[in-house]
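Enquirer: Just so it is clear, I am handing over work.pdb, which has PDB, C-alpha atoms, pLDDT in the B column.
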```pdb
ATOM      1  CA  MET Z 194      -2.152  16.537 -14.356  1.00 80.00           C
ATOM      2  CA  THR Z 195      -4.313  15.007 -11.654  1.00 91.00           C
ATOM      3  CA  THR Z 196      -4.870  11.421 -10.727  1.00 94.00           C
ATOM      4  CA  ARG Z 197      -6.863   9.666  -8.079  1.00 95.00           C
ATOM      5  CA  GLY Z 198      -6.279   6.786  -5.766  1.00 97.00           C
ATOM      6  CA  VAL Z 199      -7.134   5.139  -2.491  1.00 97.00           C
ATOM      7  CA  LEU Z 200      -5.425   5.033   0.874  1.00 98.00           C
ATOM      8  CA  TYR Z 201      -6.088   1.816   2.766  1.00 97.00           C
ATOM      9  CA  VAL Z 202      -5.045   1.971   6.402  1.00 98.00           C
ATOM     10  CA  HIS Z 203      -5.225  -1.729   7.258  1.00 97.00           C
ATOM     11  CA  SER Z 204      -4.333  -1.412  10.932  1.00 97.00           C
ATOM     12  CA  ALA Z 205      -3.396   1.413  13.254  1.00 98.00           C
ATOM     13  CA  PRO Z 206      -3.432   1.683  17.035  1.00 97.00           C
ATOM     14  CA  ARG Z 207      -6.205   4.014  18.208  1.00 97.00           C
ATOM     15  CA  ALA Z 208      -3.726   6.633  19.462  1.00 96.00           C
ATOM     16  CA  LEU Z 209      -2.176   6.846  15.990  1.00 97.00           C
ATOM     17  CA  CYS Z 210      -5.451   7.452  14.106  1.00 97.00           C
ATOM     18  CA  PRO Z 211      -5.550  11.271  14.503  1.00 97.00           C
ATOM     19  CA  HIS Z 212      -1.887  11.467  13.485  1.00 97.00           C
ATOM     20  CA  VAL Z 213      -2.663   9.540  10.293  1.00 98.00           C
ATOM     21  CA  GLU Z 214      -5.446  12.022   9.507  1.00 98.00           C
ATOM     22  CA  TRP Z 215      -3.117  14.983  10.128  1.00 97.00           C
ATOM     23  CA  ALA Z 216      -0.426  13.469   7.896  1.00 97.00           C
ATOM     24  CA  VAL Z 217      -2.891  12.848   5.057  1.00 98.00           C
ATOM     25  CA  ALA Z 218      -4.334  16.342   5.458  1.00 97.00           C
ATOM     26  CA  GLY Z 219      -0.832  17.795   5.293  1.00 97.00           C
ATOM     27  CA  VAL Z 220      -0.191  16.088   1.962  1.00 97.00           C
ATOM     28  CA  LEU Z 221      -3.592  16.914   0.448  1.00 96.00           C
ATOM     29  CA  GLY Z 222      -3.778  20.454   1.826  1.00 95.00           C
ATOM     30  CA  ALA Z 223      -7.298  19.965   3.168  1.00 95.00           C
ATOM     31  CA  ARG Z 224      -8.894  18.717   6.376  1.00 95.00           C
ATOM     32  CA  VAL Z 225      -9.333  14.943   6.362  1.00 96.00           C
ATOM     33  CA  GLN Z 226     -11.587  12.866   8.587  1.00 96.00           C
ATOM     34  CA  LEU Z 227     -11.370   9.121   8.113  1.00 97.00           C
ATOM     35  CA  ASP Z 228     -14.154   6.721   9.081  1.00 97.00           C
ATOM     36  CA  TRP Z 229     -12.332   4.376  11.460  1.00 97.00           C
ATOM     37  CA  ILE Z 230     -13.688   0.914  12.210  1.00 96.00           C
ATOM     38  CA  ARG Z 231     -12.248  -1.895  14.308  1.00 96.00           C
ATOM     39  CA  GLN Z 232      -9.792  -4.225  12.579  1.00 96.00           C
ATOM     40  CA  PRO Z 233     -10.770  -7.803  13.498  1.00 95.00           C
ATOM     41  CA  ALA Z 234      -7.480  -9.227  12.179  1.00 93.00           C
ATOM     42  CA  ALA Z 235      -5.549  -7.364  14.911  1.00 94.00           C
ATOM     43  CA  PRO Z 236      -7.639  -6.675  18.009  1.00 93.00           C
ATOM     44  CA  GLY Z 237      -7.009  -3.213  19.404  1.00 94.00           C
ATOM     45  CA  THR Z 238      -6.329  -1.686  15.990  1.00 97.00           C
ATOM     46  CA  TRP Z 239      -8.474   0.295  13.577  1.00 97.00           C
ATOM     47  CA  ARG Z 240      -8.836   0.449   9.804  1.00 97.00           C
ATOM     48  CA  ALA Z 241      -9.989   3.099   7.328  1.00 97.00           C
ATOM     49  CA  GLU Z 242     -10.205   3.756   3.601  1.00 97.00           C
ATOM     50  CA  PHE Z 243      -9.964   7.106   1.887  1.00 97.00           C
ATOM     51  CA  SER Z 244     -10.366   7.999  -1.795  1.00 97.00           C
ATOM     52  CA  TRP Z 245      -8.209  10.920  -2.824  1.00 97.00           C
ATOM     53  CA  GLN Z 246      -7.561  13.073  -5.863  1.00 95.00           C
ATOM     54  CA  GLY Z 247      -4.393  15.054  -6.465  1.00 95.00           C
ATOM     55  CA  GLN Z 248      -1.386  15.742  -8.618  1.00 95.00           C
ATOM     56  CA  THR Z 249       0.711  12.883  -9.917  1.00 94.00           C
ATOM     57  CA  GLY Z 250       3.147  12.000  -7.160  1.00 95.00           C
ATOM     58  CA  THR Z 251       0.535  12.308  -4.416  1.00 97.00           C
ATOM     59  CA  ALA Z 252       0.667   8.563  -3.694  1.00 98.00           C
ATOM     60  CA  ALA Z 253       4.414   8.824  -3.053  1.00 97.00           C
ATOM     61  CA  LYS Z 254       3.888  11.812  -0.755  1.00 98.00           C
ATOM     62  CA  LEU Z 255       1.182   9.962   1.197  1.00 98.00           C
ATOM     63  CA  ALA Z 256       3.374   6.864   1.578  1.00 98.00           C
ATOM     64  CA  SER Z 257       6.305   9.019   2.718  1.00 97.00           C
ATOM     65  CA  ALA Z 258       4.150  10.846   5.253  1.00 97.00           C
ATOM     66  CA  LEU Z 259       2.975   7.548   6.780  1.00 97.00           C
ATOM     67  CA  ARG Z 260       6.069   5.380   6.541  1.00 94.00           C
ATOM     68  CA  GLY Z 261       7.681   6.409   9.814  1.00 88.00           C
ATOM     69  CA  TRP Z 262       5.132   4.801  12.135  1.00 91.00           C
ATOM     70  CA  GLN Z 263       6.171   1.257  12.978  1.00 86.00           C
ATOM     71  CA  MET Z 264       2.744   0.010  14.073  1.00 93.00           C
ATOM     72  CA  LEU Z 265       0.961   1.065  10.886  1.00 97.00           C
ATOM     73  CA  ARG Z 266      -0.054  -1.217   8.001  1.00 98.00           C
ATOM     74  CA  PHE Z 267      -1.213   0.596   4.884  1.00 98.00           C
ATOM     75  CA  GLU Z 268      -1.437   0.663   1.115  1.00 98.00           C
ATOM     76  CA  VAL Z 269      -1.681   3.641  -1.201  1.00 98.00           C
ATOM     77  CA  THR Z 270      -2.700   3.293  -4.820  1.00 97.00           C
ATOM     78  CA  ALA Z 271      -2.723   5.802  -7.666  1.00 97.00           C
ATOM     79  CA  GLU Z 272      -4.455   5.234 -10.978  1.00 95.00           C
ATOM     80  CA  PRO Z 273      -2.551   5.708 -14.220  1.00 94.00           C
ATOM     81  CA  CYS Z 274      -3.183   8.990 -16.017  1.00 91.00           C
ATOM     82  CA  PRO Z 275      -2.081  10.371 -19.405  1.00 90.00           C
ATOM     83  CA  THR Z 276       1.272  11.546 -18.008  1.00 89.00           C
ATOM     84  CA  ALA Z 277       2.114   8.796 -15.487  1.00 91.00           C
ATOM     85  CA  GLU Z 278       1.800   5.106 -14.798  1.00 93.00           C
ATOM     86  CA  GLY Z 279      -0.131   3.972 -11.759  1.00 96.00           C
ATOM     87  CA  GLU Z 280       1.536   3.204  -8.444  1.00 97.00           C
ATOM     88  CA  ARG Z 281       1.096   1.004  -5.438  1.00 97.00           C
ATOM     89  CA  TYR Z 282       2.791   1.392  -2.076  1.00 98.00           C
ATOM     90  CA  SER Z 283       2.438  -1.241   0.642  1.00 98.00           C
ATOM     91  CA  ALA Z 284       3.853  -0.989   4.146  1.00 98.00           C
ATOM     92  CA  THR Z 285       4.035  -3.335   7.124  1.00 97.00           C
ATOM     93  CA  PRO Z 286       5.902  -3.059  10.419  1.00 95.00           C
ATOM     94  CA  ASP Z 287       8.063  -6.109   9.647  1.00 95.00           C
ATOM     95  CA  LEU Z 288       8.798  -5.551   5.949  1.00 96.00           C
ATOM     96  CA  GLY Z 289       8.882  -1.778   5.617  1.00 96.00           C
ATOM     97  CA  ILE Z 290       7.664  -0.197   2.403  1.00 97.00           C
ATOM     98  CA  PHE Z 291       7.197  -1.686  -1.058  1.00 97.00           C
ATOM     99  CA  HIS Z 292       6.696   0.335  -4.235  1.00 97.00           C
ATOM    100  CA  ALA Z 293       5.501  -0.872  -7.608  1.00 97.00           C
ATOM    101  CA  VAL Z 294       4.611   0.841 -10.847  1.00 96.00           C
ATOM    102  CA  THR Z 295       1.297  -0.408 -12.181  1.00 95.00           C
ATOM    103  CA  GLY Z 296      -0.058  -0.462 -15.687  1.00 91.00           C
ATOM    104  CA  LEU Z 297      -3.479   0.383 -17.030  1.00 88.00           C
ATOM    105  CA  HIS Z 298      -5.001  -2.897 -15.822  1.00 87.00           C
ATOM    106  CA  GLY Z 299      -3.290  -2.942 -12.426  1.00 87.00           C
ATOM    107  CA  ASP Z 300      -0.434  -5.257 -13.409  1.00 93.00           C
ATOM    108  CA  ILE Z 301       2.895  -4.599 -11.713  1.00 95.00           C
ATOM    109  CA  LEU Z 302       5.496  -3.367 -14.187  1.00 95.00           C
ATOM    110  CA  VAL Z 303       9.026  -4.381 -13.203  1.00 96.00           C
ATOM    111  CA  PRO Z 304      11.831  -2.221 -14.627  1.00 94.00           C
ATOM    112  CA  GLU Z 305      14.483  -3.988 -16.676  1.00 96.00           C
ATOM    113  CA  ASP Z 306      17.359  -3.062 -14.337  1.00 97.00           C
ATOM    114  CA  ARG Z 307      15.570  -4.606 -11.347  1.00 96.00           C
ATOM    115  CA  LEU Z 308      14.999  -7.825 -13.310  1.00 96.00           C
ATOM    116  CA  ARG Z 309      18.659  -7.916 -14.364  1.00 97.00           C
ATOM    117  CA  ALA Z 310      19.797  -7.381 -10.763  1.00 97.00           C
ATOM    118  CA  ALA Z 311      17.524 -10.178  -9.519  1.00 97.00           C
ATOM    119  CA  LEU Z 312      18.844 -12.517 -12.197  1.00 97.00           C
ATOM    120  CA  ALA Z 313      22.448 -11.601 -11.325  1.00 97.00           C
ATOM    121  CA  ARG Z 314      21.901 -12.318  -7.608  1.00 97.00           C
ATOM    122  CA  SER Z 315      20.346 -15.643  -8.513  1.00 97.00           C
ATOM    123  CA  THR Z 316      23.145 -16.527 -10.938  1.00 96.00           C
ATOM    124  CA  ARG Z 317      25.757 -15.777  -8.247  1.00 97.00           C
ATOM    125  CA  GLY Z 318      23.904 -18.117  -5.872  1.00 96.00           C
ATOM    126  CA  GLU Z 319      22.942 -15.356  -3.453  1.00 97.00           C
ATOM    127  CA  SER Z 320      19.238 -16.180  -3.741  1.00 95.00           C
ATOM    128  CA  GLU Z 321      16.687 -18.210  -5.636  1.00 97.00           C
ATOM    129  CA  LEU Z 322      15.230 -16.578  -8.761  1.00 96.00           C
ATOM    130  CA  GLU Z 323      11.692 -17.427  -7.648  1.00 97.00           C
ATOM    131  CA  ALA Z 324      12.218 -15.569  -4.352  1.00 96.00           C
ATOM    132  CA  GLU Z 325      13.697 -12.580  -6.176  1.00 96.00           C
ATOM    133  CA  ILE Z 326      10.712 -12.371  -8.520  1.00 97.00           C
ATOM    134  CA  ALA Z 327       8.305 -12.731  -5.592  1.00 97.00           C
ATOM    135  CA  LYS Z 328       9.947  -9.701  -3.939  1.00 96.00           C
ATOM    136  CA  LEU Z 329       9.778  -7.690  -7.163  1.00 97.00           C
ATOM    137  CA  LEU Z 330       6.037  -8.397  -7.316  1.00 97.00           C
ATOM    138  CA  GLY Z 331       5.456  -7.574  -3.640  1.00 97.00           C
ATOM    139  CA  LYS Z 332       4.426 -11.079  -2.622  1.00 97.00           C
ATOM    140  CA  PRO Z 333       5.826 -10.875   0.938  1.00 97.00           C
ATOM    141  CA  TRP Z 334       3.775  -7.695   1.491  1.00 97.00           C
ATOM    142  CA  ASP Z 335       0.672  -9.256  -0.057  1.00 96.00           C
ATOM    143  CA  ASP Z 336       1.073 -12.319   2.165  1.00 96.00           C
ATOM    144  CA  GLU Z 337       1.322 -10.201   5.309  1.00 95.00           C
ATOM    145  CA  LEU Z 338      -1.474  -7.768   4.378  1.00 96.00           C
ATOM    146  CA  GLU Z 339      -4.006 -10.261   3.030  1.00 94.00           C
ATOM    147  CA  PRO Z 340      -5.656 -11.011   6.419  1.00 94.00           C
ATOM    148  CA  PHE Z 341      -6.032  -7.261   6.994  1.00 95.00           C
ATOM    149  CA  ARG Z 342      -7.650  -6.541   3.623  1.00 91.00           C
ATOM    150  CA  TYR Z 343     -10.965  -8.100   4.513  1.00 80.00           C
ATOM    151  CA  ALA Z 344     -13.430  -5.657   6.011  1.00 59.00           C
ATOM    152  CA  GLY Z 345     -15.050  -6.267   9.377  1.00 55.00           C
ATOM    153  CA  GLU Z 346     -18.761  -6.835   9.736  1.00 53.00           C
ATOM    154  CA  GLY Z 347     -20.777  -3.869   8.513  1.00 53.00           C
ATOM    155  CA  ALA Z 348     -17.780  -2.104   6.985  1.00 55.00           C
ATOM    156  CA  PRO Z 349     -17.852  -0.555   3.556  1.00 55.00           C
ATOM    157  CA  VAL Z 350     -16.063  -3.061   1.374  1.00 49.00           C
ATOM    158  CA  ARG Z 351     -13.561  -2.178  -1.315  1.00 51.00           C
ATOM    159  CA  TRP Z 352     -11.894  -5.516  -1.942  1.00 48.00           C
ATOM    160  CA  LEU Z 353      -8.244  -5.763  -2.896  1.00 50.00           C
ATOM    161  CA  HIS Z 354      -7.669  -9.240  -4.243  1.00 50.00           C
ATOM    162  CA  GLN Z 355      -4.329 -10.898  -4.435  1.00 52.00           C
ATOM    163  CA  VAL Z 356      -3.599 -11.717  -8.070  1.00 50.00           C
ATOM    164  CA  VAL Z 357      -2.164 -15.165  -8.626  1.00 47.00           C
TER     165      VAL Z 357
END
```
Just give me the structure as structure tokens.

Expert:
Amino acid sequence: MTTRGVLYVHSAPRALCPHVEWAVAGVLGARVQLDWIRQPAAPGTWRAEFSWQGQTGTAAKLASALRGWQMLRFEVTAEPCPTAEGERYSATPDLGIFHAVTGLHGDILVPEDRLRAALARSTRGESELEAEIAKLLGKPWDDELEPFRYAGEGAPVRWLHQVV
């Protein structure tokens, strides 16, 4: 079964751009050329967006292929299909990678065991429940990526809005 999604490279140093293209091409099995534009939120970095189509699990493979580069900020989404829920991966140099399963309307679906673990940590006084839930929903990643999500002047715009 195939699905489709989008790769958002929010910021990458110029020297890393061809390596990102090679990594994406390696996952998709076809030559990839991204349209890089300057990222005004981090001078000296570049941004790109790429719509892809592939087998379920492609989003995970793309995120894995890109996760090793410390100076890269990116998101990969996959739409739900008849055999799989949707997915969202977010990565920042400071926070690492975040993964969420998404439903038909883009809502994050949190598995029961992760909710129980968050509640247990909160009950033991290890953390605040609100902070645990924020992590489960990817809020720290959203907070860090939000300034990078806005396109620069003249860029094609595919807005990702933070849901509150």

Enquirer: Which residues fall under the PyMOL selection byres ((chain Z and resi 202) around 7) in this file, as a PyMOL selection string?

Expert: chain Z and resi 200-201+203-204+240-242+266-268

Enquirer: Please, could you write that set of residues out with C-alpha atoms as a PDB file, in the coordinates of the input?

Expert:
```pdb
ATOM      1  CA  LEU Z 200      -5.425   5.033   0.874  1.00 98.00           C
ATOM      2  CA  TYR Z 201      -6.088   1.816   2.766  1.00 97.00           C
ATOM      3  CA  HIS Z 203      -5.225  -1.729   7.258  1.00 97.00           C
ATOM      4  CA  SER Z 204      -4.333  -1.412  10.932  1.00 97.00           C
ATOM      5  CA  ARG Z 240      -8.836   0.449   9.804  1.00 97.00           C
ATOM      6  CA  ALA Z 241      -9.989   3.099   7.328  1.00 97.00           C
ATOM      7  CA  GLU Z 242     -10.205   3.756   3.601  1.00 97.00           C
ATOM      8  CA  ARG Z 266      -0.054  -1.217   8.001  1.00 98.00           C
ATOM      9  CA  PHE Z 267      -1.213   0.596   4.884  1.00 98.00           C
ATOM     10  CA  GLU Z 268      -1.437   0.663   1.115  1.00 98.00           C
TER      11      GLU Z 268
END
```

Enquirer: Name the residues captured by the PyMOL selection byres ((chain Z and resi 227) around 10) when it is applied to the shown file; answer as a PyMOL selection string.

Expert: chain Z and resi 202+210-211+213-214+217+225-226+228-230+240-243

Enquirer: Take the residues that were just selected and, keeping C-alpha atoms, output them as an mmCIF file, in the coordinates of the input.

Expert:
```cif
data_model
loop_
_atom_site.group_PDB
_atom_site.id
_atom_site.type_symbol
_atom_site.label_atom_id
_atom_site.label_comp_id
_atom_site.auth_asym_id
_atom_site.auth_seq_id
_atom_site.Cartn_x
_atom_site.Cartn_y
_atom_site.Cartn_z
ATOM 1 C CA VAL Z 202 -5.045 1.971 6.402
ATOM 2 C CA CYS Z 210 -5.451 7.452 14.106
ATOM 3 C CA PRO Z 211 -5.550 11.271 14.503
ATOM 4 C CA VAL Z 213 -2.663 9.540 10.293
ATOM 5 C CA GLU Z 214 -5.446 12.022 9.507
ATOM 6 C CA VAL Z 217 -2.891 12.848 5.057
ATOM 7 C CA VAL Z 225 -9.333 14.943 6.362
ATOM 8 C CA GLN Z 226 -11.587 12.866 8.587
ATOM 9 C CA ASP Z 228 -14.154 6.721 9.081
ATOM 10 C CA TRP Z 229 -12.332 4.376 11.460
ATOM 11 C CA ILE Z 230 -13.688 0.914 12.210
ATOM 12 C CA ARG Z 240 -8.836 0.449 9.804
ATOM 13 C CA ALA Z 241 -9.989 3.099 7.328
ATOM 14 C CA GLU Z 242 -10.205 3.756 3.601
ATOM 15 C CA PHE Z 243 -9.964 7.106 1.887
#
```

Enquirer: Given the file shown, enumerate the residues that the PyMOL selection byres ((chain Z and resi 301) around 9) captures and present them as a ChimeraX atom specification.

Expert: /Z:280-281,293-296,299-300,302-303,329-331

Enquirer: Would you compute the distance between atom CA of Z:Ala218 and atom CA of Z:Val199? Give it in Å to one decimal.

Expert: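 Taking atom CA of Z:Ala218 as the start and atom CA of Z:Val199 as the end point, the length is 14.0 Å.
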
Enquirer: With only C-alpha atoms as the basis for distance, which of Z:Ala253, Z:Leu265, Z:Leu322, Z:Ala310 is at the shortest distance from Z:Ala284?

Expert: Z:Leu265

Enquirer: Could you jot down the atom CA of Z:His298 to atom CA of Z:Ala258 separation for me, Å, one decimal place?

Expert: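 Interatomic distance, atom CA of Z:His298 to atom CA of Z:Ala258: 26.8 Å.
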
Enquirer: What does the distance between atom CA of Z:Thr196 and atom CA of Z:Leu259 come to in Å, to one decimal place?

Expert: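 Computed distance, atom CA of Z:Thr196 to atom CA of Z:Leu259, equals 19.6 Å.
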
Enquirer: Which of these residues is nearest to Z:Glu337, using all atoms listed in the file: Z:Trp239, Z:Val269, Z:Gly289, Z:Thr195?

Expert: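 Distance minimum relative to Z:Glu337 lands on Z:Gly289.
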
Enquirer: Which one is closest to Z:Pro233: Z:Leu297, Z:Ala205, Z:Ala277, Z:Ala313? Count all atoms listed in the file.

Expert: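 Of all the options, Z:Ala205 lies closest to Z:Pro233.
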
Enquirer: Calculated over all atoms listed in the file, which of the candidates Z:Gly198, Z:Pro340, Z:Pro304, Z:Gly318 has the smallest distance to Z:Trp245?

Expert: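 Nearest to Z:Trp245: Z:Gly198.
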
Enquirer: When distances are computed from only C-alpha atoms, which of Z:His212, Z:Thr285, Z:Cys274, Z:Ser320 shows the smallest separation from Z:Glu339?

Expert: Z:Thr285
